[in-house]
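Heads up, entry01.tsv below (TSV, C-alpha atoms):
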chain	number	residue	atom	x	y	z
R	1	MET	CA	142.07	147.41	-19.94
R	2	ASN	CA	142.85	146.49	-23.55
R	3	ILE	CA	139.85	146.91	-25.83
R	4	LEU	CA	139.49	145.92	-29.47
R	5	ALA	CA	136.61	147.79	-31.07
R	6	ILE	CA	135.12	147.47	-34.53
R	7	ASP	CA	132.33	149.08	-36.52
R	8	THR	CA	130.81	147.64	-39.70
R	9	ALA	CA	127.30	149.07	-39.38
R	10	GLY	CA	127.47	151.54	-42.26
R	11	ARG	CA	129.27	152.33	-45.49
R	12	SER	CA	132.63	152.67	-43.77
R	13	ALA	CA	134.41	150.07	-41.65
R	14	SER	CA	136.63	150.86	-38.71
R	15	ALA	CA	138.86	149.10	-36.18
R	16	ALA	CA	140.48	150.54	-33.06
R	17	LEU	CA	142.65	149.42	-30.17
R	18	LEU	CA	142.16	151.22	-26.87
R	19	ARG	CA	143.84	151.03	-23.50
R	20	ASP	CA	141.24	152.22	-21.05
R	21	ASP	CA	139.99	155.48	-22.63
R	22	ALA	CA	143.14	156.14	-24.68
R	23	VAL	CA	143.15	155.25	-28.38
R	24	LEU	CA	146.35	153.39	-29.31
R	25	TYR	CA	145.41	152.76	-32.93
R	26	GLU	CA	142.46	153.47	-35.18
R	27	THR	CA	141.71	153.18	-38.87
R	28	VAL	CA	138.64	153.95	-40.97
R	29	CYS	CA	138.11	152.52	-44.45
R	30	ASN	CA	135.55	154.02	-46.81
R	31	CYS	CA	137.02	153.08	-50.19
R	32	GLY	CA	134.18	151.01	-51.62
R	33	LEU	CA	135.52	147.57	-50.68
R	34	THR	CA	133.27	145.20	-48.75
R	35	HIS	CA	133.65	144.89	-45.00
R	36	SER	CA	134.49	141.22	-45.41
R	37	GLU	CA	137.55	142.31	-47.43
R	38	THR	CA	138.79	145.09	-45.16
R	39	LEU	CA	137.86	144.15	-41.58
R	40	MET	CA	140.33	141.40	-40.69
R	41	PRO	CA	143.38	143.19	-42.18
R	42	MET	CA	142.46	146.28	-40.14
R	43	ILE	CA	142.14	144.22	-36.96
R	44	ASP	CA	145.47	142.55	-37.63
R	45	ALA	CA	147.13	145.93	-38.17
R	46	ALA	CA	145.61	147.34	-34.98
R	47	LEU	CA	146.90	144.49	-32.81
R	48	LYS	CA	150.36	144.36	-34.39
R	49	THR	CA	150.86	148.11	-34.31
R	50	GLY	CA	149.62	148.34	-30.73
R	51	GLY	CA	151.75	145.38	-29.63
R	52	VAL	CA	148.80	143.51	-28.15
R	53	ARG	CA	148.10	139.80	-28.63
R	54	PRO	CA	144.51	138.52	-28.82
R	55	ASP	CA	144.93	136.75	-25.47
R	56	GLN	CA	145.83	140.11	-23.89
R	57	LEU	CA	142.50	141.68	-24.80
R	58	ASP	CA	140.11	142.33	-21.92
R	59	LEU	CA	137.06	143.38	-23.94
R	60	TYR	CA	135.68	143.35	-27.47
R	61	ALA	CA	133.34	146.19	-28.43
R	62	VAL	CA	131.25	146.09	-31.60
R	63	THR	CA	128.41	148.11	-33.05
R	64	ALA	CA	125.34	145.86	-32.87
R	65	GLY	CA	122.85	148.06	-34.66
R	66	PRO	CA	121.03	149.74	-36.10
R	67	GLY	CA	122.66	149.73	-39.51
R	68	SER	CA	123.24	147.58	-42.58
R	69	PHE	CA	121.95	144.07	-41.89
R	70	THR	CA	124.86	142.46	-43.76
R	71	GLY	CA	127.42	144.81	-42.20
R	72	LEU	CA	126.21	144.12	-38.69
R	73	ARG	CA	126.36	140.37	-39.21
R	74	ILE	CA	129.95	140.62	-40.49
R	75	GLY	CA	131.10	142.59	-37.44
R	76	LEU	CA	129.27	140.49	-34.88
R	77	ALA	CA	130.44	137.22	-36.43
R	78	ALA	CA	134.05	138.40	-36.43
R	79	VAL	CA	133.91	139.43	-32.77
R	80	LYS	CA	132.19	136.22	-31.70
R	81	GLY	CA	134.78	134.11	-33.48
R	82	MET	CA	137.72	135.95	-31.91
R	83	ALA	CA	136.25	136.29	-28.42
R	84	LEU	CA	135.07	132.69	-28.08
R	85	ALA	CA	138.62	131.34	-28.10
R	86	ALA	CA	139.47	132.96	-24.76
R	87	GLY	CA	135.96	133.63	-23.49
R	88	THR	CA	136.65	137.36	-23.57
R	89	PRO	CA	133.65	139.52	-22.59
R	90	CYS	CA	131.95	141.55	-25.29
R	91	ALA	CA	129.96	144.75	-25.47
R	92	GLY	CA	127.44	145.14	-28.27
R	93	VAL	CA	126.83	148.87	-28.46
R	94	SER	CA	124.26	151.00	-30.23
R	95	THR	CA	125.71	152.33	-33.48
R	96	LEU	CA	124.06	155.66	-32.72
R	97	GLU	CA	125.62	155.81	-29.27
R	98	ALA	CA	129.02	154.98	-30.75
R	99	LEU	CA	128.61	157.92	-33.12
R	100	ALA	CA	127.84	160.23	-30.20
R	101	TRP	CA	130.91	159.07	-28.24
R	102	CYS	CA	133.12	160.28	-31.11
R	103	HIS	CA	132.26	163.90	-30.26
R	104	THR	CA	132.42	166.15	-27.23
R	105	GLY	CA	131.63	169.72	-26.30
R	106	SER	CA	128.44	171.46	-25.22
R	107	GLY	CA	125.05	170.91	-26.77
R	108	THR	CA	123.08	168.06	-28.31
R	109	VAL	CA	124.31	165.59	-30.91
R	110	ILE	CA	121.78	163.71	-33.02
R	111	ALA	CA	123.17	160.55	-34.59
R	112	ALA	CA	121.37	159.58	-37.79
R	113	LEU	CA	121.90	156.72	-40.22
R	114	ASP	CA	120.25	156.54	-43.63
R	115	ALA	CA	117.53	153.88	-43.38
R	116	ARG	CA	116.28	154.42	-46.97
R	117	ARG	CA	112.81	155.47	-48.08
R	118	GLY	CA	113.33	158.92	-46.53
R	119	GLN	CA	113.79	157.43	-43.07
R	120	VAL	CA	116.69	157.47	-40.64
R	121	TYR	CA	117.74	155.49	-37.61
R	122	TRP	CA	118.27	158.23	-35.04
R	123	ALA	CA	118.83	159.05	-31.38
R	124	ALA	CA	119.88	162.15	-29.47
R	125	PHE	CA	122.58	162.48	-26.81
R	126	ASP	CA	123.98	165.16	-24.53
R	127	LEU	CA	127.27	166.17	-26.09
R	128	LYS	CA	129.11	166.72	-22.81
R	129	THR	CA	128.06	163.63	-20.84
R	130	HIS	CA	126.96	161.35	-23.72
R	131	ALA	CA	123.81	160.69	-21.72
R	132	ARG	CA	121.00	159.36	-23.92
R	133	LEU	CA	118.12	161.78	-24.53
R	134	THR	CA	115.95	159.56	-26.76
R	135	PRO	CA	115.77	155.84	-27.56
R	136	ASP	CA	117.04	154.50	-30.89
R	137	ALA	CA	114.26	154.83	-33.47
R	138	ALA	CA	113.56	154.26	-37.15
R	139	ALA	CA	111.47	157.15	-38.43
R	140	PRO	CA	111.21	159.88	-41.09
R	141	ALA	CA	114.09	162.35	-40.95
R	142	ALA	CA	111.56	165.07	-40.15
R	143	GLU	CA	111.02	163.45	-36.74
R	144	ALA	CA	114.65	163.97	-35.75
R	145	ALA	CA	114.51	167.54	-37.04
R	146	ALA	CA	111.33	168.18	-35.03
R	147	PHE	CA	113.06	166.96	-31.86
R	148	ALA	CA	115.99	169.28	-32.60
R	149	GLN	CA	113.62	172.25	-32.69
R	150	SER	CA	112.67	171.51	-29.08
R	151	CYS	CA	116.28	171.50	-27.85
R	152	LYS	CA	117.46	174.55	-25.94
R	153	LYS	CA	121.14	173.79	-26.54
R	154	PRO	CA	122.98	173.94	-29.89
R	155	VAL	CA	122.35	170.87	-32.08
R	156	PHE	CA	124.38	169.13	-34.76
R	157	TYR	CA	123.94	165.89	-36.67
R	158	VAL	CA	126.40	163.06	-37.33
R	159	GLY	CA	126.17	159.81	-39.29
R	160	ASP	CA	125.52	159.04	-42.94
R	161	GLY	CA	121.93	160.20	-42.50
R	162	ALA	CA	122.96	163.64	-41.27
R	163	ALA	CA	122.41	165.28	-44.67
R	164	LEU	CA	118.77	164.12	-44.68
R	165	CYS	CA	118.25	165.85	-41.33
R	166	TYR	CA	120.15	169.01	-42.26
R	167	ASN	CA	117.86	169.37	-45.27
R	168	ARG	CA	114.96	169.71	-42.84
R	169	ASP	CA	116.69	171.72	-40.11
R	170	GLU	CA	118.45	174.91	-41.21
R	171	GLN	CA	119.09	175.98	-37.60
R	172	ALA	CA	121.45	173.11	-36.71
R	173	LEU	CA	125.18	173.71	-36.47
R	174	PRO	CA	127.16	172.40	-39.46
R	175	CYS	CA	129.36	169.34	-39.06
R	176	PRO	CA	131.88	168.50	-41.83
R	177	PRO	CA	130.96	165.26	-43.68
R	178	ALA	CA	134.38	163.77	-42.92
R	179	LEU	CA	133.60	163.95	-39.18
R	180	ARG	CA	130.15	162.39	-39.46
R	181	VAL	CA	131.30	158.78	-40.02
R	182	CYS	CA	131.17	156.20	-37.26
R	183	ARG	CA	134.57	155.42	-35.76
R	184	ALA	CA	135.51	152.29	-33.89
R	185	ALA	CA	136.98	154.43	-31.11
R	186	GLY	CA	133.45	155.59	-30.31
R	187	ALA	CA	132.32	151.98	-30.09
R	188	GLY	CA	135.26	151.24	-27.81
R	189	LEU	CA	134.46	154.10	-25.44
R	190	ALA	CA	130.76	153.19	-25.35
R	191	GLY	CA	131.66	149.52	-24.83
R	192	ARG	CA	134.02	150.37	-21.99
R	193	ALA	CA	131.22	152.31	-20.26
R	194	LEU	CA	128.92	149.30	-20.60
R	195	HIS	CA	131.58	146.94	-19.25
R	196	LEU	CA	132.30	149.16	-16.23
R	197	ALA	CA	128.55	149.23	-15.56
R	198	GLY	CA	128.52	145.43	-15.55
R	199	GLN	CA	126.66	145.15	-18.84
R	200	SER	CA	129.17	143.28	-21.03
R	201	VAL	CA	128.17	139.76	-22.09
R	202	PRO	CA	129.76	136.45	-23.14
R	203	PRO	CA	130.50	136.18	-26.89
R	204	ALA	CA	127.59	133.81	-27.53
R	205	ALA	CA	125.14	136.34	-26.10
R	206	LEU	CA	125.94	139.04	-28.69
R	207	THR	CA	122.87	139.77	-30.80
R	208	PRO	CA	122.08	142.39	-33.47
R	209	ASN	CA	119.50	145.12	-32.99
R	210	TYR	CA	118.08	145.79	-36.45
R	211	LEU	CA	115.24	148.04	-35.19
R	212	ARG	CA	113.06	147.07	-38.15
R	213	LEU	CA	112.41	144.22	-40.58
R	214	SER	CA	114.68	143.68	-43.57
R	215	GLN	CA	113.49	144.86	-47.00
R	216	ALA	CA	112.64	141.29	-48.02
R	217	GLU	CA	110.60	140.78	-44.84
R	218	ARG	CA	108.80	144.10	-45.32
R	219	GLU	CA	107.94	143.30	-48.93
R	220	ARG	CA	106.63	139.87	-47.94
R	221	ALA	CA	104.47	141.42	-45.22
R	222	GLU	CA	103.13	143.94	-47.74
R	223	ARG	CA	102.27	141.16	-50.21
R	224	GLU	CA	100.53	139.15	-47.50
R	225	ALA	CA	98.58	142.19	-46.36
R	226	ALA	CA	97.57	142.96	-49.94
R	227	ALA	CA	96.47	139.34	-50.46
R	228	GLN	CA	94.35	139.39	-47.31
R	229	THR	CA	92.73	142.67	-48.39
R	230	GLY	CA	91.97	141.16	-51.80
R	231	GLU	CA	90.32	138.15	-50.20
R	232	LYS	CA	87.98	140.37	-48.29

What do you get writing this file as structure tokens?
Amino acid sequence: MNILAIDTAGRSASAALLRDDAVLYETVCNCGLTHSETLMPMIDAALKTGGVRPDQLDLYAVTAGPGSFTGLRIGLAAVKGMALAAGTPCAGVSTLEALAWCHTGSGTVIAALDARRGQVYWAAFDLKTHARLTPDAAAPAAEAAAFAQSCKKPVFYVGDGAALCYNRDEQALPCPPALRVCRAAGAGLAGRALHLAGQSVPPAALTPNYLRLSQAERERAEREAAAQTGEK
């Protein structure tokens, strides 16, 4: 099975080409350029280097959230556009689950993305089996740290929100910052698992999972709530 996987959910962007569970090519870009500038050249390089044509792809895997609203839309739109041509099935995977699939060993991995305002998007997974231990959530970083305190196995954090959690959990195992970023290979492995479980979807059915309202929507809701309070 040839799988093209991409991640644009966070600060970095990544593209990978997999054959079954083997990574043929992967690149991660975290140089400050926008995902709209870097994504398509990375995809082109992955296919050319791996010697795979778009019509030879069996699955597209893409991080569908949580993460940057703009970043998620860029990745999902790119996959939809490419997959629609041949009707190739797609797997929209949790960004947090993709982060967990990048690691293996024994213990618990908590994937955390910076959600601003002292909050993180987070979820916990068994490091050996990648089985999910908690649902994706948007909450204060202290909530993830509190869950870690209840774990009997060693814990470490990954993702660009890891530092926020480490600041509240001195018992967790250290993970180098360079290994905390989301990689497209993780999205590819998580997407493959979904596809084998019969959970891939047609391109048109791909949807983002933002987990919470955008900043503009939150601010509007706050203004409306304040106006209603003033009226009373």

Per residue of range 83-122 of chain R within 12 Å of range 59-75 of chain R, record the nearest atom pair and its distance in Å to one decimal, counting only C-alpha atoms, with rows in chain order and ascending residue number, as JSON lines.
{"residue": "R:Ala83", "atom": "CA", "partner": "R:Tyr60", "partner_atom": "CA", "distance": 7.1}
{"residue": "R:Leu84", "atom": "CA", "partner": "R:Tyr60", "partner_atom": "CA", "distance": 10.7}
{"residue": "R:Ala86", "atom": "CA", "partner": "R:Leu59", "partner_atom": "CA", "distance": 10.7}
{"residue": "R:Gly87", "atom": "CA", "partner": "R:Leu59", "partner_atom": "CA", "distance": 9.8}
{"residue": "R:Thr88", "atom": "CA", "partner": "R:Leu59", "partner_atom": "CA", "distance": 6.0}
{"residue": "R:Pro89", "atom": "CA", "partner": "R:Leu59", "partner_atom": "CA", "distance": 5.3}
{"residue": "R:Cys90", "atom": "CA", "partner": "R:Tyr60", "partner_atom": "CA", "distance": 4.7}
{"residue": "R:Ala91", "atom": "CA", "partner": "R:Ala61", "partner_atom": "CA", "distance": 4.7}
{"residue": "R:Gly92", "atom": "CA", "partner": "R:Ala64", "partner_atom": "CA", "distance": 5.1}
{"residue": "R:Val93", "atom": "CA", "partner": "R:Thr63", "partner_atom": "CA", "distance": 4.9}
{"residue": "R:Ser94", "atom": "CA", "partner": "R:Gly65", "partner_atom": "CA", "distance": 5.5}
{"residue": "R:Thr95", "atom": "CA", "partner": "R:Thr63", "partner_atom": "CA", "distance": 5.0}
{"residue": "R:Leu96", "atom": "CA", "partner": "R:Pro66", "partner_atom": "CA", "distance": 7.5}
{"residue": "R:Glu97", "atom": "CA", "partner": "R:Thr63", "partner_atom": "CA", "distance": 9.0}
{"residue": "R:Ala98", "atom": "CA", "partner": "R:Thr63", "partner_atom": "CA", "distance": 7.3}
{"residue": "R:Leu99", "atom": "CA", "partner": "R:Thr63", "partner_atom": "CA", "distance": 9.8}
{"residue": "R:Ala111", "atom": "CA", "partner": "R:Pro66", "partner_atom": "CA", "distance": 11.1}
{"residue": "R:Ala112", "atom": "CA", "partner": "R:Pro66", "partner_atom": "CA", "distance": 10.0}
{"residue": "R:Leu113", "atom": "CA", "partner": "R:Gly67", "partner_atom": "CA", "distance": 7.1}
{"residue": "R:Asp114", "atom": "CA", "partner": "R:Gly67", "partner_atom": "CA", "distance": 8.3}
{"residue": "R:Ala115", "atom": "CA", "partner": "R:Gly67", "partner_atom": "CA", "distance": 7.6}
{"residue": "R:Arg116", "atom": "CA", "partner": "R:Ser68", "partner_atom": "CA", "distance": 10.7}
{"residue": "R:Val120", "atom": "CA", "partner": "R:Gly67", "partner_atom": "CA", "distance": 9.8}
{"residue": "R:Tyr121", "atom": "CA", "partner": "R:Pro66", "partner_atom": "CA", "distance": 6.8}
{"residue": "R:Trp122", "atom": "CA", "partner": "R:Pro66", "partner_atom": "CA", "distance": 9.0}

Using the selection just defined, write its residues with C-alpha atoms as an mmCIF file, keeping the file's coordinate frame.
data_model
loop_
_atom_site.group_PDB
_atom_site.id
_atom_site.type_symbol
_atom_site.label_atom_id
_atom_site.label_comp_id
_atom_site.auth_asym_id
_atom_site.auth_seq_id
_atom_site.Cartn_x
_atom_site.Cartn_y
_atom_site.Cartn_z
ATOM 1 C CA ALA R 83 136.250 136.290 -28.420
ATOM 2 C CA LEU R 84 135.070 132.690 -28.080
ATOM 3 C CA ALA R 86 139.470 132.960 -24.760
ATOM 4 C CA GLY R 87 135.960 133.630 -23.490
ATOM 5 C CA THR R 88 136.650 137.360 -23.570
ATOM 6 C CA PRO R 89 133.650 139.520 -22.590
ATOM 7 C CA CYS R 90 131.950 141.550 -25.290
ATOM 8 C CA ALA R 91 129.960 144.750 -25.470
ATOM 9 C CA GLY R 92 127.440 145.140 -28.270
ATOM 10 C CA VAL R 93 126.830 148.870 -28.460
ATOM 11 C CA SER R 94 124.260 151.000 -30.230
ATOM 12 C CA THR R 95 125.710 152.330 -33.480
ATOM 13 C CA LEU R 96 124.060 155.660 -32.720
ATOM 14 C CA GLU R 97 125.620 155.810 -29.270
ATOM 15 C CA ALA R 98 129.020 154.980 -30.750
ATOM 16 C CA LEU R 99 128.610 157.920 -33.120
ATOM 17 C CA ALA R 111 123.170 160.550 -34.590
ATOM 18 C CA ALA R 112 121.370 159.580 -37.790
ATOM 19 C CA LEU R 113 121.900 156.720 -40.220
ATOM 20 C CA ASP R 114 120.250 156.540 -43.630
ATOM 21 C CA ALA R 115 117.530 153.880 -43.380
ATOM 22 C CA ARG R 116 116.280 154.420 -46.970
ATOM 23 C CA VAL R 120 116.690 157.470 -40.640
ATOM 24 C CA TYR R 121 117.740 155.490 -37.610
ATOM 25 C CA TRP R 122 118.270 158.230 -35.040
#

| said: Env of Gly186 in chain R: 8 Å cut, atoms = only C-alpha atoms, seq-sep filter 2 positions within chain, self excluded. Answer as an NGL selection string. | reply: :R and (97-102 or 182-184 or 188-190)

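Taking CA of Ala22 in chain R and CA of Tyr210 in chain R as the two end points, the separation is 29.6 Å.
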
| task | Extract, using all atoms listed in the file, all DNA, RNA and protein residues at most 7 Å from Gln119 in chain R, discarding same-chain residues fewer than 5 positions from it, and format them as a PyMOL selection string. | result | chain R and resi 114+138-141

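The spacing separating CA of Thr108 in chain R from CA of Cys151 in chain R amounts to 7.6 Å.
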
Starting from 3 Å padding per side, set up an axis-aligned box that covers all listed atoms of range 66-83 of chain R and hand over centre and edge lengths in Å, one decimal, as AutoDock Vina command-line options.
--center_x 129.4 --center_y 141.9 --center_z -36.1 --size_x 22.7 --size_y 21.6 --size_z 21.3

| field | Å distance separating CA of Ser150 in chain R from CA of His130 in chain R, one decimal place | value | 18.3 Å

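Shortest separation to Gly107 in chain R among R:Leu17, R:Ala148, R:Ala142, R:Val201 occurs at residue R:Ala148, atoms counted being all atoms listed in the file.
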
| Which residue out of R:Ala178, R:Met40, R:Ile6, R:Ala144 has the minimum interatomic distance to Cys165 in chain R when all atoms listed in the file are used? | R:Ala144

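Residue nearest Gly105 in chain R within the list R:Ala85, R:Val155, R:Leu57, R:Leu47: R:Val155 [criterion: smallest interatomic distance, all atoms listed in the file].
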
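In terms of minimum interatomic distance to Gly81 in chain R, R:Pro54 ranks closest within R:Pro208, R:Pro54, R:Leu133, R:Thr104, counting all atoms listed in the file.
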
| Which one is closest to Ala124 in chain R: R:Pro177, R:Ala137, R:Gly161, R:Ile110? Count all atoms listed in the file. | R:Ile110

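If all atoms listed in the file are the atoms counted, then among R:Leu39, R:Ile3, R:Cys175, R:Val109 the closest residue to Ala145 in chain R is R:Val109.
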
With the input short on atoms, add all heavy atoms back to range 125-136 of chain R and write it as a PDB file, in the frame of the given file.
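Output (out_13.pdb):
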ATOM      1  N   PHE R 125     121.736 162.632 -27.993  1.00  0.00           N
ATOM      2  CA  PHE R 125     122.580 162.480 -26.810  1.00  0.00           C
ATOM      3  C   PHE R 125     123.092 163.843 -26.358  1.00  0.00           C
ATOM      4  O   PHE R 125     123.282 164.749 -27.174  1.00  0.00           O
ATOM      5  CB  PHE R 125     123.786 161.576 -27.109  1.00  0.00           C
ATOM      6  CG  PHE R 125     123.414 160.209 -27.600  1.00  0.00           C
ATOM      7  CD1 PHE R 125     123.146 159.988 -28.952  1.00  0.00           C
ATOM      8  CD2 PHE R 125     123.310 159.138 -26.729  1.00  0.00           C
ATOM      9  CE1 PHE R 125     122.788 158.729 -29.417  1.00  0.00           C
ATOM     10  CE2 PHE R 125     122.952 157.879 -27.184  1.00  0.00           C
ATOM     11  CZ  PHE R 125     122.687 157.674 -28.534  1.00  0.00           C
ATOM     12  N   ASP R 126     123.324 163.962 -25.049  1.00  0.00           N
ATOM     13  CA  ASP R 126     123.980 165.160 -24.530  1.00  0.00           C
ATOM     14  C   ASP R 126     125.445 165.109 -24.937  1.00  0.00           C
ATOM     15  O   ASP R 126     126.126 164.103 -24.717  1.00  0.00           O
ATOM     16  CB  ASP R 126     123.858 165.228 -23.009  1.00  0.00           C
ATOM     17  CG  ASP R 126     124.486 166.485 -22.448  1.00  0.00           C
ATOM     18  OD1 ASP R 126     123.796 167.514 -22.379  1.00  0.00           O
ATOM     19  OD2 ASP R 126     125.686 166.435 -22.092  1.00  0.00           O
ATOM     20  N   LEU R 127     125.929 166.170 -25.527  1.00  0.00           N
ATOM     21  CA  LEU R 127     127.270 166.170 -26.090  1.00  0.00           C
ATOM     22  C   LEU R 127     128.355 166.115 -25.021  1.00  0.00           C
ATOM     23  O   LEU R 127     129.422 165.536 -25.235  1.00  0.00           O
ATOM     24  CB  LEU R 127     127.453 167.416 -26.965  1.00  0.00           C
ATOM     25  CG  LEU R 127     128.649 167.468 -27.894  1.00  0.00           C
ATOM     26  CD1 LEU R 127     128.665 166.261 -28.812  1.00  0.00           C
ATOM     27  CD2 LEU R 127     128.616 168.755 -28.718  1.00  0.00           C
ATOM     28  N   LYS R 128     128.100 166.670 -23.862  1.00  0.00           N
ATOM     29  CA  LYS R 128     129.110 166.720 -22.810  1.00  0.00           C
ATOM     30  C   LYS R 128     129.216 165.410 -22.040  1.00  0.00           C
ATOM     31  O   LYS R 128     130.313 164.906 -21.774  1.00  0.00           O
ATOM     32  CB  LYS R 128     128.802 167.869 -21.840  1.00  0.00           C
ATOM     33  CG  LYS R 128     129.859 168.056 -20.757  1.00  0.00           C
ATOM     34  CD  LYS R 128     129.543 169.272 -19.887  1.00  0.00           C
ATOM     35  CE  LYS R 128     130.616 169.494 -18.837  1.00  0.00           C
ATOM     36  NZ  LYS R 128     130.317 170.683 -17.989  1.00  0.00           N
ATOM     37  N   THR R 129     128.070 164.835 -21.690  1.00  0.00           N
ATOM     38  CA  THR R 129     128.060 163.630 -20.840  1.00  0.00           C
ATOM     39  C   THR R 129     127.809 162.346 -21.624  1.00  0.00           C
ATOM     40  O   THR R 129     127.981 161.256 -21.086  1.00  0.00           O
ATOM     41  CB  THR R 129     126.970 163.755 -19.771  1.00  0.00           C
ATOM     42  OG1 THR R 129     125.678 163.770 -20.422  1.00  0.00           O
ATOM     43  CG2 THR R 129     127.138 165.036 -18.969  1.00  0.00           C
ATOM     44  N   HIS R 130     127.365 162.484 -22.874  1.00  0.00           N
ATOM     45  CA  HIS R 130     126.960 161.350 -23.720  1.00  0.00           C
ATOM     46  C   HIS R 130     125.736 160.627 -23.157  1.00  0.00           C
ATOM     47  O   HIS R 130     125.461 159.491 -23.541  1.00  0.00           O
ATOM     48  CB  HIS R 130     128.123 160.369 -23.930  1.00  0.00           C
ATOM     49  CG  HIS R 130     129.298 161.011 -24.604  1.00  0.00           C
ATOM     50  ND1 HIS R 130     130.517 161.136 -23.989  1.00  0.00           N
ATOM     51  CD2 HIS R 130     129.428 161.597 -25.819  1.00  0.00           C
ATOM     52  CE1 HIS R 130     131.360 161.756 -24.800  1.00  0.00           C
ATOM     53  NE2 HIS R 130     130.735 162.045 -25.914  1.00  0.00           N
ATOM     54  N   ALA R 131     125.033 161.275 -22.245  1.00  0.00           N
ATOM     55  CA  ALA R 131     123.810 160.690 -21.720  1.00  0.00           C
ATOM     56  C   ALA R 131     122.752 160.639 -22.832  1.00  0.00           C
ATOM     57  O   ALA R 131     122.616 161.578 -23.625  1.00  0.00           O
ATOM     58  CB  ALA R 131     123.279 161.517 -20.552  1.00  0.00           C
ATOM     59  N   ARG R 132     122.025 159.549 -22.886  1.00  0.00           N
ATOM     60  CA  ARG R 132     121.000 159.360 -23.920  1.00  0.00           C
ATOM     61  C   ARG R 132     119.785 160.237 -23.632  1.00  0.00           C
ATOM     62  O   ARG R 132     119.288 160.280 -22.501  1.00  0.00           O
ATOM     63  CB  ARG R 132     120.607 157.894 -23.971  1.00  0.00           C
ATOM     64  CG  ARG R 132     119.563 157.559 -25.016  1.00  0.00           C
ATOM     65  CD  ARG R 132     119.211 156.086 -24.988  1.00  0.00           C
ATOM     66  NE  ARG R 132     120.269 155.280 -25.582  1.00  0.00           N
ATOM     67  CZ  ARG R 132     120.403 155.065 -26.887  1.00  0.00           C
ATOM     68  NH1 ARG R 132     119.523 155.597 -27.734  1.00  0.00           N
ATOM     69  NH2 ARG R 132     121.374 154.310 -27.346  1.00  0.00           N
ATOM     70  N   LEU R 133     119.296 160.933 -24.665  1.00  0.00           N
ATOM     71  CA  LEU R 133     118.120 161.780 -24.530  1.00  0.00           C
ATOM     72  C   LEU R 133     116.878 161.151 -25.151  1.00  0.00           C
ATOM     73  O   LEU R 133     115.754 161.492 -24.763  1.00  0.00           O
ATOM     74  CB  LEU R 133     118.375 163.146 -25.180  1.00  0.00           C
ATOM     75  CG  LEU R 133     119.582 163.928 -24.655  1.00  0.00           C
ATOM     76  CD1 LEU R 133     119.738 165.230 -25.424  1.00  0.00           C
ATOM     77  CD2 LEU R 133     119.440 164.204 -23.162  1.00  0.00           C
ATOM     78  N   THR R 134     117.076 160.254 -26.124  1.00  0.00           N
ATOM     79  CA  THR R 134     115.950 159.560 -26.760  1.00  0.00           C
ATOM     80  C   THR R 134     116.377 158.119 -27.049  1.00  0.00           C
ATOM     81  O   THR R 134     117.567 157.838 -27.193  1.00  0.00           O
ATOM     82  CB  THR R 134     115.555 160.212 -28.105  1.00  0.00           C
ATOM     83  OG1 THR R 134     116.607 160.019 -29.062  1.00  0.00           O
ATOM     84  CG2 THR R 134     115.277 161.698 -27.951  1.00  0.00           C
ATOM     85  N   PRO R 135     115.431 157.210 -27.177  1.00  0.00           N
ATOM     86  CA  PRO R 135     115.770 155.840 -27.560  1.00  0.00           C
ATOM     87  C   PRO R 135     116.110 155.774 -29.050  1.00  0.00           C
ATOM     88  O   PRO R 135     115.755 156.672 -29.824  1.00  0.00           O
ATOM     89  CB  PRO R 135     114.499 155.053 -27.250  1.00  0.00           C
ATOM     90  CG  PRO R 135     113.410 156.066 -27.384  1.00  0.00           C
ATOM     91  CD  PRO R 135     113.989 157.364 -26.892  1.00  0.00           C
ATOM     92  N   ASP R 136     116.804 154.730 -29.469  1.00  0.00           N
ATOM     93  CA  ASP R 136     117.040 154.500 -30.890  1.00  0.00           C
ATOM     94  C   ASP R 136     115.689 154.316 -31.584  1.00  0.00           C
ATOM     95  O   ASP R 136     114.809 153.619 -31.078  1.00  0.00           O
ATOM     96  CB  ASP R 136     117.888 153.252 -31.112  1.00  0.00           C
ATOM     97  CG  ASP R 136     119.321 153.433 -30.642  1.00  0.00           C
ATOM     98  OD1 ASP R 136     119.670 154.540 -30.177  1.00  0.00           O
ATOM     99  OD2 ASP R 136     120.104 152.467 -30.743  1.00  0.00           O
TER     100      ASP R 136
END
